[in-house]
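> I am sharing start_3.txt, which consists of compact mmCIF, C-alpha atoms and all ligand atoms:
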# COMPACT_ATOMS: atom_id res chain seq x y z
CA MET Z 128 -112.62 12.21 15.63
CA ASN Z 129 -115.60 12.29 13.28
CA ALA Z 130 -115.61 8.56 12.80
CA ILE Z 131 -115.69 8.03 16.56
CA THR Z 132 -118.84 10.08 17.07
CA ARG Z 133 -120.48 7.91 14.42
CA LEU Z 134 -119.95 4.72 16.43
CA PRO Z 135 -123.40 3.20 16.84
CA PHE Z 136 -123.08 2.09 20.51
CA ALA Z 137 -125.98 4.01 21.93
CA ALA Z 138 -128.64 2.45 19.73
CA ASP Z 139 -128.21 -1.01 21.23
CA MET Z 140 -127.75 -0.17 24.88
CA GLY Z 141 -131.37 -0.02 26.05
CA ASP Z 142 -132.98 -2.70 28.23
CA GLY Z 143 -134.42 -5.72 26.47
CA GLN Z 144 -132.52 -4.93 23.29
CA GLU Z 145 -130.83 -8.35 23.09
CA GLY Z 146 -132.63 -8.96 19.81
CA THR Z 147 -130.47 -6.34 18.14
CA LEU Z 148 -127.33 -8.42 18.66
CA HIS Z 149 -125.78 -9.89 15.54
CA ILE Z 150 -124.34 -12.81 17.50
CA PRO Z 151 -126.81 -13.67 20.31
CA GLU Z 152 -125.42 -13.95 23.82
CA ARG Z 153 -124.84 -17.59 24.79
CA GLU Z 154 -126.73 -18.74 27.88
CA GLY Z 155 -125.38 -21.18 30.44
CA GLN Z 156 -122.70 -21.67 33.04
CA ARG Z 157 -119.67 -19.40 32.80
CA ARG Z 158 -116.22 -19.98 34.23
CA ARG Z 159 -115.73 -17.48 37.03
CA TYR Z 160 -112.52 -15.65 37.79
CA ARG Z 161 -111.68 -12.96 40.32
CA THR Z 162 -110.16 -10.75 37.63
CA ILE Z 163 -109.84 -10.72 33.85
CA TRP Z 164 -107.46 -8.56 31.82
CA ILE Z 165 -107.82 -8.14 28.05
CA SER Z 166 -106.30 -5.60 25.69
CA ASP Z 167 -105.35 -4.82 22.10
CA ILE Z 168 -108.71 -5.80 20.64
CA HIS Z 169 -108.44 -3.18 17.86
CA LEU Z 170 -112.18 -2.92 17.18
CA GLY Z 171 -112.67 -1.04 13.91
CA THR Z 172 -110.02 -3.00 12.03
CA ARG Z 173 -110.30 -6.08 9.84
CA GLY Z 174 -107.67 -7.82 11.92
CA CYS Z 175 -109.80 -7.77 15.07
CA ASN Z 176 -110.94 -11.28 15.99
CA ALA Z 177 -114.33 -10.24 17.37
CA LYS Z 178 -115.88 -13.70 16.96
CA MET Z 179 -113.27 -15.38 19.14
CA LEU Z 180 -113.57 -12.59 21.72
CA ILE Z 181 -117.36 -12.94 21.80
CA ASP Z 182 -116.94 -16.67 22.44
CA PHE Z 183 -114.55 -15.79 25.29
CA LEU Z 184 -116.87 -13.18 26.82
CA ASP Z 185 -119.80 -15.61 26.69
CA SER Z 186 -117.73 -18.31 28.42
CA VAL Z 187 -116.24 -16.42 31.34
CA ASP Z 188 -117.20 -13.98 34.06
CA SER Z 189 -115.32 -12.05 36.73
CA GLU Z 190 -115.67 -9.65 39.64
CA THR Z 191 -113.40 -7.18 37.85
CA LEU Z 192 -112.64 -6.72 34.18
CA TYR Z 193 -109.70 -4.58 33.08
CA LEU Z 194 -109.62 -3.33 29.49
CA VAL Z 195 -105.93 -2.61 29.11
CA GLY Z 196 -105.96 -0.35 26.05
CA ASP Z 197 -106.18 -0.40 22.26
CA ILE Z 198 -109.76 -1.62 22.60
CA ILE Z 199 -110.96 0.55 19.72
CA ASP Z 200 -108.53 1.47 16.96
CA GLY Z 201 -109.17 5.18 16.50
CA TRP Z 202 -106.15 5.61 14.23
CA ARG Z 203 -107.46 3.15 11.68
CA LEU Z 204 -111.08 4.34 12.03
CA LYS Z 205 -110.06 7.88 11.22
CA LYS Z 206 -108.54 6.69 7.96
CA ARG Z 207 -111.34 4.38 6.98
CA PHE Z 208 -114.61 3.73 8.81
CA TYR Z 209 -115.02 0.01 9.41
CA TRP Z 210 -117.50 -1.21 12.01
CA PRO Z 211 -119.14 -4.61 11.47
CA ALA Z 212 -122.03 -5.77 13.66
CA ALA Z 213 -119.80 -8.18 15.59
CA HIS Z 214 -117.71 -5.24 16.85
CA ASN Z 215 -120.86 -3.67 18.21
CA ASP Z 216 -121.66 -6.98 19.88
CA VAL Z 217 -118.33 -6.81 21.75
CA VAL Z 218 -119.06 -3.31 23.07
CA TRP Z 219 -122.60 -4.39 24.01
CA ARG Z 220 -121.26 -7.36 26.02
CA VAL Z 221 -118.79 -5.20 27.94
CA MET Z 222 -121.44 -2.59 28.78
CA LYS Z 223 -123.90 -5.33 29.77
CA ARG Z 224 -121.29 -6.82 32.09
CA ALA Z 225 -120.81 -3.48 33.84
CA LYS Z 226 -124.58 -3.25 34.23
CA ARG Z 227 -124.73 -6.75 35.76
CA GLY Z 228 -122.29 -5.67 38.46
CA THR Z 229 -118.83 -6.49 37.14
CA ARG Z 230 -116.39 -3.70 37.94
CA VAL Z 231 -115.09 -2.62 34.52
CA VAL Z 232 -111.96 -0.47 34.36
CA TYR Z 233 -110.93 0.89 30.96
CA ILE Z 234 -107.34 2.08 30.55
CA PRO Z 235 -107.07 3.57 27.04
CA GLY Z 236 -103.94 2.78 25.03
CA ASN Z 237 -102.21 4.65 22.23
CA HIS Z 238 -104.66 3.56 19.51
CA ASP Z 239 -107.63 4.74 21.61
CA GLU Z 240 -105.86 7.68 23.26
CA MET Z 241 -108.85 9.91 22.37
CA PHE Z 242 -110.53 8.33 25.42
CA ARG Z 243 -107.72 9.41 27.74
CA GLN Z 244 -109.29 12.87 27.95
CA PHE Z 245 -112.11 11.20 29.92
CA THR Z 246 -109.77 9.86 32.62
CA GLY Z 247 -111.49 9.86 36.00
CA MET Z 248 -114.97 9.71 34.46
CA SER Z 249 -117.32 6.81 34.20
CA PHE Z 250 -119.66 5.84 31.34
CA GLY Z 251 -122.39 3.27 31.86
CA GLY Z 252 -120.47 1.96 34.87
CA VAL Z 253 -117.17 1.72 32.97
CA GLU Z 254 -114.43 3.62 34.84
CA ILE Z 255 -111.84 5.30 32.64
CA ARG Z 256 -108.35 5.39 34.14
CA ARG Z 257 -104.86 6.22 32.98
CA LYS Z 258 -103.49 3.32 35.05
CA ALA Z 259 -104.67 1.23 37.99
CA LEU Z 260 -103.30 -0.53 41.04
CA HIS Z 261 -104.72 -4.02 41.40
CA VAL Z 262 -104.40 -5.95 44.66
CA THR Z 263 -104.61 -9.72 44.17
CA ALA Z 264 -106.53 -12.05 46.50
CA ASP Z 265 -103.25 -12.87 48.27
CA GLY Z 266 -102.23 -9.23 48.62
CA ARG Z 267 -99.74 -8.69 45.76
CA LYS Z 268 -99.80 -5.20 44.29
CA LEU Z 269 -99.91 -5.06 40.50
CA LEU Z 270 -99.58 -1.92 38.42
CA VAL Z 271 -101.94 -2.07 35.41
CA LEU Z 272 -101.16 0.06 32.37
CA HIS Z 273 -101.25 -0.24 28.59
CA GLY Z 274 -97.50 -0.08 27.98
CA ASP Z 275 -97.03 2.55 25.29
CA GLU Z 276 -95.65 4.69 28.12
CA PHE Z 277 -92.35 2.92 27.47
CA ASP Z 278 -92.17 3.68 23.74
CA THR Z 279 -89.83 6.62 24.23
CA ILE Z 280 -87.34 4.34 25.97
CA MET Z 281 -87.83 1.76 23.25
CA LEU Z 282 -87.22 4.07 20.30
CA ALA Z 283 -84.09 2.26 19.24
CA HIS Z 284 -86.21 -0.78 18.45
CA ARG Z 285 -88.15 -1.29 15.27
CA TRP Z 286 -90.93 -3.71 16.15
CA LEU Z 287 -93.41 -1.04 17.24
CA ALA Z 288 -92.90 0.89 14.04
CA PHE Z 289 -93.57 -2.40 12.32
CA VAL Z 290 -96.79 -2.90 14.29
CA GLY Z 291 -98.21 0.28 12.76
CA ASP Z 292 -96.81 -0.67 9.40
CA ALA Z 293 -98.54 -1.70 6.18
CA ALA Z 294 -96.65 -5.01 6.23
CA TYR Z 295 -98.14 -5.84 9.60
CA SER Z 296 -101.71 -5.03 8.61
CA MET Z 297 -101.15 -7.09 5.44
CA MET Z 298 -100.03 -9.99 7.59
CA MET Z 299 -103.08 -9.54 9.83
CA ARG Z 300 -105.37 -9.67 6.80
CA LEU Z 301 -103.59 -12.74 5.51
CA ASN Z 302 -104.08 -14.26 8.95
CA VAL Z 303 -107.86 -13.83 8.62
CA VAL Z 304 -107.86 -15.52 5.19
CA VAL Z 305 -105.61 -18.37 6.29
CA ASN Z 306 -107.80 -19.08 9.30
CA ALA Z 307 -111.04 -18.87 7.33
CA VAL Z 308 -109.64 -21.60 5.08
CA ARG Z 309 -108.36 -23.61 8.07
CA GLN Z 310 -111.78 -23.38 9.72
CA ARG Z 311 -113.43 -24.71 6.57
CA LEU Z 312 -110.97 -27.61 6.57
CA GLY Z 313 -111.75 -28.27 10.25
CA LEU Z 314 -108.26 -27.25 11.35
CA PRO Z 315 -107.65 -25.31 14.58
CA TYR Z 316 -106.86 -21.59 14.65
CA TRP Z 317 -103.27 -20.79 13.78
CA SER Z 318 -101.40 -17.56 14.32
CA LEU Z 319 -99.19 -16.32 11.51
CA SER Z 320 -97.64 -13.36 13.21
CA LYS Z 321 -97.15 -15.31 16.43
CA MET Z 322 -94.88 -17.58 14.46
CA ALA Z 323 -93.19 -14.62 12.79
CA LYS Z 324 -92.59 -12.95 16.15
CA HIS Z 325 -90.85 -16.01 17.49
CA LYS Z 326 -88.80 -16.50 14.34
CA VAL Z 327 -87.62 -12.96 13.71
CA LYS Z 328 -84.61 -12.28 15.88
CA ASN Z 329 -85.18 -8.52 16.15
CA ALA Z 330 -88.75 -9.04 17.32
CA VAL Z 331 -87.61 -11.47 20.00
CA GLU Z 332 -84.98 -8.98 21.17
CA PHE Z 333 -87.53 -6.18 21.15
CA ILE Z 334 -90.04 -8.10 23.26
CA SER Z 335 -87.37 -9.04 25.79
CA LYS Z 336 -86.16 -5.43 26.04
CA PHE Z 337 -89.73 -4.18 26.52
CA GLU Z 338 -90.35 -6.68 29.31
CA HIS Z 339 -87.18 -5.61 31.14
CA VAL Z 340 -87.99 -1.90 30.82
CA VAL Z 341 -91.50 -2.47 32.19
CA ALA Z 342 -90.24 -4.62 35.07
CA HIS Z 343 -87.61 -2.02 35.95
CA GLU Z 344 -90.26 0.72 36.04
CA ALA Z 345 -92.49 -1.43 38.26
CA ALA Z 346 -89.61 -2.03 40.67
CA MET Z 347 -89.03 1.74 40.91
CA ARG Z 348 -92.68 2.23 41.88
CA GLY Z 349 -92.50 -0.35 44.65
CA VAL Z 350 -95.12 -2.77 43.34
CA ASP Z 351 -94.87 -6.55 43.16
CA GLY Z 352 -95.70 -6.75 39.50
CA VAL Z 353 -97.07 -5.15 36.40
CA VAL Z 354 -99.83 -6.03 33.92
CA CYS Z 355 -99.71 -4.51 30.47
CA GLY Z 356 -100.56 -5.12 26.81
CA HIS Z 357 -99.39 -3.13 23.78
CA ILE Z 358 -96.84 -5.50 22.23
CA HIS Z 359 -99.35 -8.26 21.35
CA ASN Z 360 -97.38 -10.92 23.15
CA ALA Z 361 -99.02 -12.73 26.08
CA GLU Z 362 -96.51 -13.63 28.73
CA TYR Z 363 -95.83 -14.33 32.36
CA ARG Z 364 -92.25 -13.95 33.52
CA GLU Z 365 -90.45 -13.02 36.66
CA ILE Z 366 -87.82 -10.38 35.95
CA ALA Z 367 -85.51 -9.35 38.77
CA GLY Z 368 -88.13 -10.22 41.40
CA ILE Z 369 -90.95 -8.42 39.56
CA GLU Z 370 -93.89 -10.32 38.09
CA TYR Z 371 -94.32 -9.26 34.46
CA TYR Z 372 -97.69 -10.06 32.89
CA ASN Z 373 -98.84 -9.27 29.39
CA ASP Z 374 -102.43 -10.14 28.44
CA GLY Z 375 -101.62 -10.32 24.71
CA ASP Z 376 -104.20 -9.35 22.08
CA TRP Z 377 -107.37 -10.27 20.18
CA VAL Z 378 -105.98 -9.65 16.72
CA GLU Z 379 -104.26 -12.98 16.29
CA GLY Z 380 -103.01 -14.23 19.64
CA CYS Z 381 -106.51 -14.29 21.20
CA THR Z 382 -105.31 -14.36 24.80
CA ALA Z 383 -106.45 -13.10 28.19
CA LEU Z 384 -104.86 -12.87 31.60
CA VAL Z 385 -106.97 -14.11 34.52
CA GLU Z 386 -106.68 -14.16 38.30
CA HIS Z 387 -108.23 -17.13 40.09
CA PHE Z 388 -109.99 -16.62 43.43
CA ASP Z 389 -106.84 -17.66 45.36
CA GLY Z 390 -104.71 -15.05 43.55
CA ARG Z 391 -103.18 -17.52 41.10
CA MET Z 392 -102.60 -15.97 37.68
CA GLU Z 393 -103.01 -17.67 34.32
CA VAL Z 394 -102.70 -16.72 30.65
CA LEU Z 395 -105.59 -18.21 28.65
CA HIS Z 396 -104.99 -18.97 24.98
CA TRP Z 397 -108.58 -18.96 23.81
CA ALA Z 398 -108.02 -20.98 20.61
CA ASP Z 399 -106.60 -23.78 22.80
CA GLU Z 400 -109.55 -23.49 25.21
CA ILE Z 401 -112.00 -23.84 22.31
CA ALA Z 402 -110.08 -26.88 21.02
CA LYS Z 403 -110.26 -28.44 24.53
CA ARG Z 404 -113.97 -27.74 24.74
CA ASP Z 405 -114.61 -29.26 21.30
CA LYS Z 406 -112.65 -32.35 22.25
CA ALA Z 407 -114.56 -32.71 25.53
CA SER Z 408 -117.89 -32.51 23.74
CA GLU Z 409 -116.90 -35.03 21.05
CA PRO Z 410 -117.98 -38.23 22.87
CA ALA Z 411 -121.35 -36.61 23.53
CA ARG Z 412 -121.71 -35.76 19.87
CA ILE Z 413 -120.80 -39.31 18.80
CA ALA Z 414 -123.22 -40.75 21.40
CA ALA Z 415 -125.95 -38.50 20.06
MN MN Z 501 -100.79 -0.18 21.95
Can you dump the structure from the file as structure tokens?

Amino acid sequence: MNAITRLPFAADMGDGQEGTLHIPEREGQRRRYRTIWISDIHLGTRGCNAKMLIDFLDSVDSETLYLVGDIIDGWRLKKRFYWPAAHNDVVWRVMKRAKRGTRVVYIPGNHDEMFRQFTGMSFGGVEIRRKALHVTADGRKLLVLHGDEFDTIMLAHRWLAFVGDAAYSMMMRLNVVVNAVRQRLGLPYWSLSKMAKHKVKNAVEFISKFEHVVAHEAAMRGVDGVVCGHIHNAEYREIAGIEYYNDGDWVEGCTALVEHFDGRMEVLHWADEIAKRDKASEPARIAA
């Protein structure tokens, strides 16, 4: 808990403090959505892809923003305090958004469960909830929760144990190195563990089981669908008449779930969006 109280949020939250940002906020037109869901950012770890997330936050805007858990990695912070300026910049952007009028709902996950004790309270306009019911523009009811609630049912499966494992954090670190090299070579972002997840049979089985358990639970609660995070695997599937959405993560997947103004849902893979943007601006660059 000590490490948490040392987090330097407060220093940068005053008005007109933009100059204290490590990565300045980008001006200009932002893509607007009705709703944005992001989770599993794991601020306070080396694996966190804060730069990509900052690019995302500076490119989009929404009426409502759901933070679906594991935003700050309290487990890792307790072991070793790690808080680069870019991680502060992420928190600053979220708080600023709440101030500008976006409804921000924070649903702590298992890595930031220390914030669950503040359920029902609100800090700087950020509402802290254990779960939420979201009604889409076309009237579908979606249950929003982190997803670790299902771990007890999932105990037979090993992937989650692996997620907290040294091998996983090694892979995440390797991912950072690989992509730093790729960036220098002008190659697009590439996800190591995404590939591993799709190749390892047990992981595939685990993800599928998780999705079915979540969908079953949603059906029992009489909602049309469920939005969660936790397993770092962005997805949209219909399972037994229930819409299953997972907004993925910002460790290596770099994905968000968005709702358009007509209620249409979409998973955004931000590395792909950046690649599209770079391609679109290429003729302009050549012309210049
Ligand atoms: Mn989690």
> When you count all atoms listed in the file, which of these residues is closest to ligand MN 501 (chain Z): Z:Ala342, Z:Leu384, Z:Val221, Z:Ile199?
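Using all atoms listed in the file, ligand MN 501 (chain Z) sits closest to Z:Ile199.
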> 6 Å from ligand MN 501 (chain Z) is the threshold here; counting all atoms listed in the file, which polymer residues fall inside it? Answer as JSON, numbers by chain.
{"Z": [197, 236, 237, 238, 275, 357]}
> Tell me, as a ChimeraX atom specification, which residues lie within 10 Å of Thr172 in chain Z, counting only C-alpha atoms; anything in the same chain fewer than 6 positions away does not count.
/Z:199-204,207-211,214,296,299-300,378
> Would you list the residues near (-113.1, -5.9, 26.2), meaning any protein, DNA or RNA residue with an atom at most 7 Å from that point in file coordinates, counting all atoms listed in the file, as number ranges by chain?
Z: 165-166, 194, 198, 217, 221
> Given the point (-112.2, -7.7, 36.9) in the coordinates of this file, which residues lie within 6 Å, counting only C-alpha atoms, and how would they look as a list in words?
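With a cut-off of 6 Å, the residues come to Thr162, Ile163, Ser189, Glu190, Thr191, Leu192, Tyr193 and Arg230 of chain Z.
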> Quick one: distance from CA of Ala346 in chain Z to CA of Ala259 in chain Z in Å, one decimal?
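Answer for the CA of Ala346 in chain Z to CA of Ala259 in chain Z separation: 15.6 Å.
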> For CA of Gly174 in chain Z and CA of Val303 in chain Z, quote the distance in Å rounded to one decimal.
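Computing it gives 6.9 Å between the two atoms.
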> Report, in Å with one decimal, the straight-line distance from CA of Asp374 in chain Z to CA of Arg311 in chain Z.
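Between CA of Asp374 in chain Z and CA of Arg311 in chain Z the gap is 28.5 Å.
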> Find, counting only C-alpha atoms, the residue in Z:Thr263, Z:Asn176, Z:Ser335, Z:Thr147 that gets nearest to Val385 in chain Z.
Z:Thr263
> With only C-alpha atoms as the atoms that count, which of Z:Glu362, Z:His149, Z:Phe333, Z:Thr229 lies nearest to Glu254 in chain Z?
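Distance minimum relative to Glu254 in chain Z lands on Z:Thr229.
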> When distances are computed from only C-alpha atoms, which of Z:Ile168, Z:Lys258, Z:Ile366, Z:Ala264 shows the smallest separation from Lys336 in chain Z?
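So, comparing all the options, the nearest one is Z:Ile366.
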> Applying 9 Å and all atoms listed in the file, which residues near range 393-405 of chain Z remain after dropping the ones on its own chain fewer than 6 positions away? List them as a list in words.
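Once the adjacent positions are removed, what remains is Met179, Leu180, Asp182, Phe183, Pro315, Tyr316, Trp317, Ala361, Glu362, Tyr363, Tyr372, Asn373, Asp374, Gly375, Gly380, Cys381, Thr382, Ala383, Leu384, Val385, Glu386 and His387 of chain Z.
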> Write the residues of the preceding selection, restricted to C-alpha atoms, as a short mmCIF file (atom, residue, chain, number, x, y, z; two decimals), keeping the file's coordinate frame.

data_model
loop_
_atom_site.label_atom_id
_atom_site.label_comp_id
_atom_site.auth_asym_id
_atom_site.auth_seq_id
_atom_site.Cartn_x
_atom_site.Cartn_y
_atom_site.Cartn_z
CA MET Z 179 -113.27 -15.38 19.14
CA LEU Z 180 -113.57 -12.59 21.72
CA ASP Z 182 -116.94 -16.67 22.44
CA PHE Z 183 -114.55 -15.79 25.29
CA PRO Z 315 -107.65 -25.31 14.58
CA TYR Z 316 -106.86 -21.59 14.65
CA TRP Z 317 -103.27 -20.79 13.78
CA ALA Z 361 -99.02 -12.73 26.08
CA GLU Z 362 -96.51 -13.63 28.73
CA TYR Z 363 -95.83 -14.33 32.36
CA TYR Z 372 -97.69 -10.06 32.89
CA ASN Z 373 -98.84 -9.27 29.39
CA ASP Z 374 -102.43 -10.14 28.44
CA GLY Z 375 -101.62 -10.32 24.71
CA GLY Z 380 -103.01 -14.23 19.64
CA CYS Z 381 -106.51 -14.29 21.20
CA THR Z 382 -105.31 -14.36 24.80
CA ALA Z 383 -106.45 -13.10 28.19
CA LEU Z 384 -104.86 -12.87 31.60
CA VAL Z 385 -106.97 -14.11 34.52
CA GLU Z 386 -106.68 -14.16 38.30
CA HIS Z 387 -108.23 -17.13 40.09
#
> Within 10 Å of Ser249 in chain Z, counting all atoms listed in the file, which residues show up once you throw out same-chain ones fewer than 6 positions away? Write them as a list in words, please.
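Residues near the query, excluding close chain neighbours: Val231, Val232, Tyr233, Ile255 and Arg256 of chain Z.
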